[in-house]
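The data block below is entry.txt; it holds compact mmCIF, C-alpha atoms and all ligand atoms.
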# COMPACT_ATOMS: atom_id res chain seq x y z
CA MET A 1 75.56 109.44 118.87
CA PRO A 2 76.27 108.21 115.35
CA GLU A 3 79.38 106.27 114.44
CA ALA A 4 81.68 107.35 111.63
CA ALA A 5 79.53 109.01 109.02
CA GLN A 6 79.77 108.72 105.26
CA PRO A 7 80.97 111.90 103.63
CA ASN A 8 78.40 113.43 101.35
CA GLN A 9 78.13 116.12 98.76
CA PHE A 10 77.34 118.86 101.28
CA THR A 11 79.62 118.17 104.21
CA THR A 12 82.77 116.70 102.70
CA THR A 13 85.30 119.28 103.79
CA SER A 14 88.99 119.55 103.16
CA SER A 15 91.87 120.56 105.34
CA THR A 16 95.50 121.33 104.70
CA ASP A 17 98.23 119.35 106.42
CA THR A 18 101.55 120.77 107.59
CA ASN A 19 103.08 120.04 104.18
CA GLY A 20 100.39 122.02 102.48
CA ASN A 21 98.60 118.98 101.09
CA VAL A 22 94.85 119.24 100.87
CA THR A 23 93.18 116.21 102.43
CA ALA A 24 89.57 115.17 102.21
CA ALA A 25 87.61 115.00 105.42
CA GLY A 26 84.64 112.81 106.14
CA SER A 27 86.09 110.09 108.32
CA THR A 28 85.74 112.06 111.50
CA PRO A 29 83.33 110.52 113.99
CA ALA A 30 80.12 112.49 113.91
CA GLY A 31 78.71 113.46 117.23
CA GLY A 32 80.85 116.17 118.68
CA ASN A 33 83.61 113.98 120.13
CA ALA A 34 85.98 114.82 117.36
CA PRO A 35 88.93 117.12 117.97
CA ALA A 36 87.86 120.70 117.39
CA GLY A 37 90.61 121.65 114.97
CA PRO A 38 93.80 120.50 113.29
CA ASN A 39 95.87 120.85 116.47
CA ALA A 40 93.24 119.89 118.99
CA THR A 41 93.81 116.88 121.19
CA ALA A 42 91.13 114.35 121.81
CA SER A 43 91.96 113.54 125.42
CA PRO A 44 94.17 114.74 128.29
CA GLY A 45 96.36 111.69 127.74
CA ALA A 46 97.24 112.98 124.32
CA THR A 47 98.75 116.20 125.64
CA ALA A 48 102.15 114.59 126.25
CA GLY A 49 102.73 114.71 122.54
CA ALA A 50 101.06 118.05 122.03
CA ALA A 51 104.23 120.16 122.00
CA SER A 52 105.89 118.04 119.37
CA ALA A 53 102.62 117.75 117.46
CA GLU A 54 102.96 121.47 116.74
CA GLN A 55 106.19 120.78 114.82
CA PRO A 56 106.33 118.78 111.61
CA ALA A 57 107.28 115.19 112.46
CA PRO A 58 110.98 114.77 111.53
CA TYR A 59 110.70 111.27 110.04
CA GLY A 60 107.13 111.13 108.84
CA GLY A 61 103.90 110.87 110.75
CA PRO A 62 100.21 110.55 110.15
CA ALA A 63 99.31 110.57 106.49
CA SER A 64 97.06 113.57 107.00
CA ALA A 65 96.12 116.13 109.61
CA PRO A 66 93.03 115.34 111.70
CA ALA A 67 89.94 116.02 109.66
CA ALA A 68 87.69 118.93 110.48
CA PRO A 69 84.51 117.89 112.29
CA PRO A 70 81.51 117.52 110.01
CA ARG A 71 79.28 120.53 109.81
CA ARG A 72 75.52 120.77 109.62
CA ILE A 73 73.90 121.01 106.26
CA ARG A 74 72.17 124.36 106.06
CA THR A 75 69.21 125.53 104.06
CA LEU A 76 71.61 127.51 101.87
CA ASP A 77 73.46 124.29 101.00
CA LEU A 78 70.22 122.80 99.73
CA ILE A 79 69.42 125.90 97.69
CA LYS A 80 72.95 125.89 96.26
CA ALA A 81 72.59 122.20 95.41
CA LYS A 82 69.58 123.05 93.28
CA ALA A 83 71.48 125.81 91.50
CA GLU A 84 74.24 123.29 90.75
CA GLY A 85 71.86 120.54 89.67
CA ARG A 86 72.57 118.22 92.63
CA ARG A 87 69.66 116.27 94.08
CA TRP A 88 69.24 115.40 97.74
CA ALA A 89 67.21 113.02 99.86
CA MET A 90 64.91 113.49 102.83
CA LEU A 91 63.33 110.81 105.02
CA THR A 92 61.12 110.96 108.04
CA SER A 93 62.63 109.95 111.37
CA TYR A 94 61.11 109.91 114.82
CA ASP A 95 63.85 108.42 117.02
CA GLN A 96 67.58 108.40 117.66
CA TYR A 97 68.51 105.09 116.02
CA THR A 98 66.91 105.75 112.65
CA ALA A 99 68.14 109.35 112.71
CA ALA A 100 71.76 108.33 113.18
CA LEU A 101 71.50 105.49 110.70
CA PHE A 102 69.82 107.55 107.98
CA GLU A 103 72.37 110.32 108.39
CA GLN A 104 75.22 107.83 108.07
CA ALA A 105 73.60 106.44 104.94
CA GLY A 106 73.76 109.93 103.41
CA VAL A 107 70.27 111.36 103.86
CA GLU A 108 70.68 115.13 103.83
CA ALA A 109 67.48 116.19 105.59
CA LEU A 110 65.40 114.43 108.24
CA LEU A 111 61.77 115.27 108.87
CA ILE A 112 59.96 114.72 112.12
CA GLY A 113 56.73 114.52 110.23
CA ASP A 114 53.31 114.86 111.77
CA SER A 115 53.00 111.42 110.17
CA ALA A 116 54.28 110.40 113.61
CA ALA A 117 50.55 110.50 114.37
CA ASN A 118 50.15 107.40 112.22
CA ASN A 119 53.59 105.81 112.45
CA VAL A 120 54.37 106.33 116.13
CA TYR A 121 51.10 106.98 117.91
CA GLY A 122 48.84 104.72 115.84
CA HIS A 123 46.23 107.25 114.73
CA ALA A 124 44.38 106.92 111.44
CA THR A 125 45.24 110.48 110.32
CA THR A 126 47.83 113.13 111.12
CA LEU A 127 45.26 115.37 112.79
CA PRO A 128 45.45 114.27 116.45
CA VAL A 129 49.19 114.62 117.06
CA THR A 130 50.19 117.55 119.26
CA VAL A 131 53.20 119.82 119.65
CA ASP A 132 53.91 118.24 123.04
CA GLU A 133 53.97 114.79 121.44
CA LEU A 134 56.24 115.81 118.54
CA ILE A 135 58.83 117.83 120.45
CA PRO A 136 60.41 114.88 122.34
CA LEU A 137 60.69 112.93 119.07
CA ALA A 138 62.26 115.93 117.33
CA ARG A 139 64.69 116.39 120.22
CA ALA A 140 65.80 112.76 119.93
CA VAL A 141 66.39 113.10 116.18
CA ALA A 142 68.25 116.41 116.48
CA SER A 143 70.53 115.19 119.26
CA ALA A 144 71.39 111.94 117.49
CA THR A 145 72.69 113.70 114.39
CA ALA A 146 75.59 115.94 113.48
CA ARG A 147 75.20 116.75 109.80
CA ALA A 148 71.64 116.35 108.59
CA LEU A 149 69.31 119.32 108.45
CA ILE A 150 66.49 118.59 110.89
CA VAL A 151 63.00 119.78 109.98
CA ALA A 152 59.96 119.46 112.26
CA ASP A 153 56.36 119.53 111.11
CA LEU A 154 54.06 122.03 112.76
CA PRO A 155 51.09 119.83 113.64
CA PHE A 156 47.47 120.58 112.83
CA GLY A 157 46.05 123.29 115.09
CA SER A 158 49.40 124.74 116.08
CA TYR A 159 49.74 127.50 113.44
CA GLU A 160 46.45 128.14 111.62
CA ILE A 161 44.93 130.62 114.06
CA SER A 162 47.33 133.53 113.64
CA ASP A 163 50.84 134.53 112.63
CA GLU A 164 51.60 134.94 116.34
CA GLN A 165 50.50 131.37 117.08
CA ALA A 166 52.63 130.09 114.19
CA VAL A 167 55.75 131.93 115.37
CA ALA A 168 55.21 130.79 118.98
CA THR A 169 54.95 127.14 117.91
CA ALA A 170 57.95 127.36 115.59
CA VAL A 171 59.99 128.95 118.40
CA ARG A 172 59.10 126.03 120.70
CA PHE A 173 60.46 123.53 118.18
CA MET A 174 63.68 125.51 117.78
CA LYS A 175 64.23 126.02 121.53
CA GLU A 176 62.93 122.77 123.00
CA ALA A 177 63.79 120.29 120.24
CA GLY A 178 66.83 121.92 118.65
CA VAL A 179 65.59 121.52 115.08
CA HIS A 180 66.84 123.74 112.27
CA ALA A 181 63.65 124.43 110.34
CA VAL A 182 59.92 123.85 110.48
CA LYS A 183 57.45 122.66 107.87
CA LEU A 184 53.84 123.71 107.50
CA GLU A 185 51.06 122.81 105.11
CA GLY A 186 49.35 125.22 102.75
CA GLY A 187 50.19 127.49 99.84
CA ALA A 188 49.05 131.08 99.28
CA ARG A 189 46.73 130.85 102.30
CA MET A 190 49.79 130.33 104.53
CA ALA A 191 51.98 133.04 103.00
CA SER A 192 51.65 135.39 105.96
CA ARG A 193 52.53 132.55 108.40
CA ILE A 194 55.66 131.73 106.39
CA LYS A 195 56.64 135.38 106.32
CA ALA A 196 56.10 135.77 110.07
CA ILE A 197 58.12 132.65 110.95
CA THR A 198 61.01 133.46 108.62
CA THR A 199 61.03 137.04 109.90
CA ALA A 200 61.58 135.53 113.35
CA GLY A 201 64.70 133.87 111.92
CA ILE A 202 63.31 130.38 111.48
CA PRO A 203 63.58 128.64 108.10
CA VAL A 204 60.32 127.28 106.70
CA MET A 205 59.72 124.35 104.38
CA ALA A 206 56.30 124.72 102.76
CA HIS A 207 54.04 121.80 101.75
CA ILE A 208 51.57 122.09 98.87
CA GLY A 209 49.52 119.79 96.64
CA PHE A 210 47.91 117.11 98.79
CA THR A 211 48.17 118.33 102.38
CA PRO A 212 47.18 115.54 104.79
CA GLN A 213 46.07 117.93 107.55
CA ALA A 214 43.36 119.15 105.14
CA GLU A 215 42.31 115.70 103.96
CA HIS A 216 38.68 116.20 105.00
CA ASN A 217 38.53 119.48 103.15
CA LEU A 218 40.17 117.95 100.09
CA GLY A 219 37.79 114.99 100.07
CA GLY A 220 40.41 112.31 100.74
CA TYR A 221 43.78 111.22 99.37
CA LYS A 222 43.68 112.71 95.89
CA VAL A 223 46.16 113.98 93.35
CA GLN A 224 46.08 117.79 93.38
CA GLY A 225 46.66 120.22 90.53
CA ARG A 226 45.21 118.25 87.64
CA GLY A 227 43.66 120.26 84.80
CA GLU A 228 42.68 123.80 85.68
CA ALA A 229 43.68 123.30 89.32
CA GLY A 230 47.24 123.37 88.01
CA THR A 231 47.13 127.17 87.89
CA GLU A 232 46.24 127.35 91.59
CA LEU A 233 49.04 124.96 92.48
CA LEU A 234 51.51 127.04 90.51
CA GLU A 235 50.29 130.14 92.35
CA ASP A 236 50.70 128.34 95.68
CA ALA A 237 54.28 127.46 94.79
CA ARG A 238 55.06 131.04 93.79
CA ALA A 239 53.38 132.40 96.96
CA VAL A 240 55.37 130.24 99.38
CA ALA A 241 58.64 131.05 97.62
CA GLU A 242 57.79 134.74 97.63
CA ALA A 243 56.91 134.54 101.35
CA GLY A 244 60.41 133.25 102.11
CA ALA A 245 60.16 129.43 102.28
CA PHE A 246 63.56 127.81 101.68
CA SER A 247 62.01 124.79 99.97
CA VAL A 248 58.63 123.33 99.17
CA VAL A 249 57.26 119.79 99.45
CA MET A 250 54.86 118.84 96.66
CA GLU A 251 52.69 115.85 97.51
CA MET A 252 50.66 113.92 94.93
CA VAL A 253 51.08 116.40 92.10
CA PRO A 254 51.22 115.41 88.42
CA SER A 255 54.85 114.99 87.32
CA GLY A 256 54.63 117.52 84.48
CA LEU A 257 53.29 120.23 86.77
CA ALA A 258 55.85 119.41 89.47
CA GLY A 259 58.57 119.70 86.82
CA GLN A 260 57.20 123.08 85.77
CA VAL A 261 57.22 124.34 89.37
CA THR A 262 60.74 122.97 89.87
CA ALA A 263 61.98 124.74 86.75
CA GLU A 264 60.39 128.02 87.77
CA LEU A 265 61.36 128.26 91.46
CA ALA A 266 64.84 129.07 92.72
CA ILE A 267 64.17 127.13 95.95
CA PRO A 268 64.34 123.32 95.94
CA THR A 269 61.20 121.27 95.45
CA VAL A 270 60.82 118.05 97.44
CA GLY A 271 58.59 115.49 95.79
CA ILE A 272 56.42 112.81 97.32
CA GLY A 273 54.31 111.40 94.54
CA ALA A 274 55.37 114.32 92.34
CA GLY A 275 57.59 112.59 89.80
CA ALA A 276 61.27 112.55 88.99
CA ASP A 277 61.84 116.19 88.12
CA CYS A 278 61.80 117.51 91.70
CA ASP A 279 65.09 118.62 93.23
CA ALA A 280 64.71 116.22 96.17
CA GLN A 281 62.47 113.38 97.30
CA VAL A 282 60.94 112.48 100.65
CA LEU A 283 59.32 109.27 101.91
CA VAL A 284 58.03 108.04 105.24
CA TRP A 285 60.71 105.65 106.43
CA GLN A 286 58.38 102.87 107.59
CA ASP A 287 56.92 102.84 104.08
CA MET A 288 60.21 102.73 102.17
CA ALA A 289 61.75 100.14 104.52
CA GLY A 290 58.70 97.88 104.46
CA LEU A 291 57.94 98.03 108.17
CA ARG A 292 54.42 99.06 107.29
CA THR A 293 52.57 96.28 105.52
CA GLY A 294 49.46 96.26 103.37
CA ARG A 295 48.59 98.46 100.44
CA ALA A 296 50.96 101.37 100.11
CA PRO A 297 50.36 104.56 98.15
CA ARG A 298 51.45 104.36 94.49
CA PHE A 299 54.40 106.69 95.09
CA VAL A 300 55.97 104.44 97.76
CA LYS A 301 58.88 102.23 96.76
CA ARG A 302 59.75 99.48 99.23
CA TYR A 303 63.51 99.15 99.46
CA ALA A 304 63.43 96.45 102.15
CA ASP A 305 61.07 94.11 103.96
CA LEU A 306 61.77 95.07 107.57
CA HIS A 307 58.45 93.66 108.69
CA SER A 308 59.53 90.13 107.70
CA VAL A 309 63.02 90.57 109.14
CA LEU A 310 61.65 91.65 112.53
CA ALA A 311 58.83 89.12 112.54
CA GLU A 312 61.29 86.29 111.91
CA ALA A 313 63.69 87.50 114.64
CA VAL A 314 60.96 87.96 117.21
CA GLY A 315 59.42 84.59 116.30
CA ARG A 316 62.76 82.83 116.92
CA TYR A 317 63.21 84.70 120.23
CA VAL A 318 59.78 83.58 121.45
CA GLU A 319 60.49 80.00 120.39
CA GLU A 320 63.87 79.95 122.15
CA VAL A 321 62.43 81.46 125.34
CA LYS A 322 59.73 78.80 125.40
CA SER A 323 62.10 75.93 124.62
CA GLY A 324 64.71 77.13 127.11
CA VAL A 325 67.41 77.60 124.45
CA PHE A 326 67.72 81.28 125.38
CA PRO A 327 69.52 82.45 127.46
CA GLU A 328 72.53 80.18 126.78
CA PRO A 329 75.19 79.61 129.52
CA GLU A 330 77.49 82.17 127.88
CA ARG A 331 74.77 84.78 128.30
CA SER A 332 74.26 83.92 131.99
CA PHE A 333 76.29 84.82 135.08
CA ASP A 334 77.91 82.44 137.62
O1 LIG B 401 54.44 114.13 107.88
C1 LIG B 401 55.09 113.67 106.93
O2 LIG B 401 55.65 112.58 107.02
C2 LIG B 401 55.17 114.49 105.73
C3 LIG B 401 55.84 114.01 104.51
C4 LIG B 401 56.08 112.67 104.20
C5 LIG B 401 56.04 114.97 103.44
O3 LIG B 401 54.70 115.57 105.73

Could I get this structure in the form of structure tokens?
Amino acid sequence: MPEAAQPNQFTTTSSTDTNGNVTAAGSTPAGGNAPAGPNATASPGATAGAASAEQPAPYGGPASAPAAPPRRIRTLDLIKAKAEGRRWAMLTSYDQYTAALFEQAGVEALLIGDSAANNVYGHATTLPVTVDELIPLARAVASATARALIVADLPFGSYEISDEQAVATAVRFMKEAGVHAVKLEGGARMASRIKAITTAGIPVMAHIGFTPQAEHNLGGYKVQGRGEAGTELLEDARAVAEAGAFSVVMEMVPSGLAGQVTAELAIPTVGIGAGADCDAQVLVWQDMAGLRTGRAPRFVKRYADLHSVLAEAVGRYVEEVKSGVFPEPERSFD
């Protein structure tokens, strides 16, 4: 479970103390161990003071009442953020440690992308990954977080056949992984899937522009929507919004067109290689943290060089094992 989380624009709550003062929340440990309300006690040992805790302390006391536990960011929060001109960040995550860390750092939405095919399972494309392979990763991410909205990708082959197949797969992610929304690729051609899933009560994030699951059909990693194709992309954006998607990822779309879509739609747009005018941005975490080496797509910004950090640490460990420096006496038992 995560340690104390940073407050952010969506989940900073306020509570009123016994003197009527409004106090900001946000310092409550995330993870469900926090007291459930202003008068709740954290442990049986604390009940000795419970009776007096219900009265105002006669000579002072804690500066503020216990903060309310953080609450999950909901799709409506993200839509409201757009209406109020506030941007938000999404990152991929496929495990508990990164999920908790990214949430603490203020990332509002975490995506268990089908890019796990490449970044976890070592495939060359996203096509081979299965529902059964993604669900355990999604479950780990969902259970390690308390505030972020958790979105799981529907992998290739798990929703294209029929609306019924799409709903059944989305239901599995909600029930077995505990995610809060699903993402699927495709614009107008997926409108009936989006409608069917949202009708079942499951929020859908759409994904248009370059859609990696269709890379063979699209002829490779190419910017989508240039020139006359811009009209089709605009129609895709309108179709997914009309079908009930709560947001739409635009991948490798010219900035001007992405800005136009963002201005037109009431739902938030999430850019990846779609310029600065989108309401939110998403990156694959191994790309932005520099764990993946080699040539990165143009839209990737490397904020760290994790590959070097890990390589150096592991190199020293190997050296110390071989030279007998590790384990030291203080790390050994008598
Ligand atoms: O699978 C993925 O990681 C994605 C994004 C990065 C948008 O779909």

Within 10 Å of (51.8, 110.8, 88.2) in the file's own coordinates, which protein, DNA or RNA residues have an atom, counting all atoms listed in the file? List them as a list in words.
Val223, Arg226, Met252, Val253, Pro254, Ser255, Gly256, Leu257, Ala258, Gly273, Ala274, Gly275, Ala276, Arg298 and Phe299 of chain A

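If you count only C-alpha atoms and ignore residues fewer than 5 places along the chain from Glu251 of chain A, what sits within 7 Å of it is Ile208, Gly209, Phe210, Gly271, Ile272, Gly273 and Ala274 of chain A.
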
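Atom CA of Ala214 of chain A lies 17.2 Å from atom CA of Ser162 of chain A.
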
Around all listed atoms of ligand LIG 401 (chain B), padded 4 Å per side, what centre and edge lengths does the axis-aligned box have in Å to one decimal, as AutoDock Vina command-line options?
--center_x 55.3 --center_y 114.1 --center_z 105.7 --size_x 9.6 --size_y 11.0 --size_z 12.4

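Interatomic distance, atom CA of Arg147 of chain A to atom CA of Ala109 of chain A: 8.8 Å.
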
Between chain A and ligand LIG 401 (chain B), at 9 Å or less, what are the per-residue closest atom pairs and their distances in Å? Count all atoms listed in the file, order by chain and rising residue number, and return it as CSV.
residue,atom,partner,partner_atom,distance
A:Met90,CA,B:LIG401,C4,9.0
A:Leu91,CA,B:LIG401,C4,7.5
A:Thr92,CA,B:LIG401,O2,5.8
A:Ser93,CA,B:LIG401,O2,8.6
A:Leu111,CA,B:LIG401,O2,6.9
A:Ile112,CA,B:LIG401,O1,7.0
A:Gly113,CA,B:LIG401,O1,3.3
A:Asp114,CA,B:LIG401,O1,4.1
A:Ser115,CA,B:LIG401,O1,3.8
A:Ala116,CA,B:LIG401,O1,6.8
A:Ala117,CA,B:LIG401,O1,8.4
A:Asn119,CA,B:LIG401,O2,8.9
A:Thr126,CA,B:LIG401,O1,7.4
A:Ala152,CA,B:LIG401,O1,8.8
A:Asp153,CA,B:LIG401,O1,6.6
A:Pro155,CA,B:LIG401,O1,8.8
A:Lys183,CA,B:LIG401,O3,7.9
A:Leu184,CA,B:LIG401,O3,8.4
A:Glu185,CA,B:LIG401,O3,8.1
A:His207,CA,B:LIG401,C5,7.3
A:Thr211,CA,B:LIG401,O3,7.8
A:Pro212,CA,B:LIG401,O3,7.6
A:Val249,CA,B:LIG401,C5,6.4
A:Met250,CA,B:LIG401,C5,7.9
A:Glu251,CA,B:LIG401,C5,6.9
A:Val270,CA,B:LIG401,C5,8.3
A:Gly271,CA,B:LIG401,C5,8.1
A:Ile272,CA,B:LIG401,C5,6.5
A:Val282,CA,B:LIG401,C4,6.0
A:Leu283,CA,B:LIG401,C4,5.2
A:Val284,CA,B:LIG401,C4,5.1
A:Trp285,CA,B:LIG401,O2,8.6

As a check of understanding: the span from atom CA of Leu134 of chain A to atom CA of Lys80 of chain A is 29.6 Å
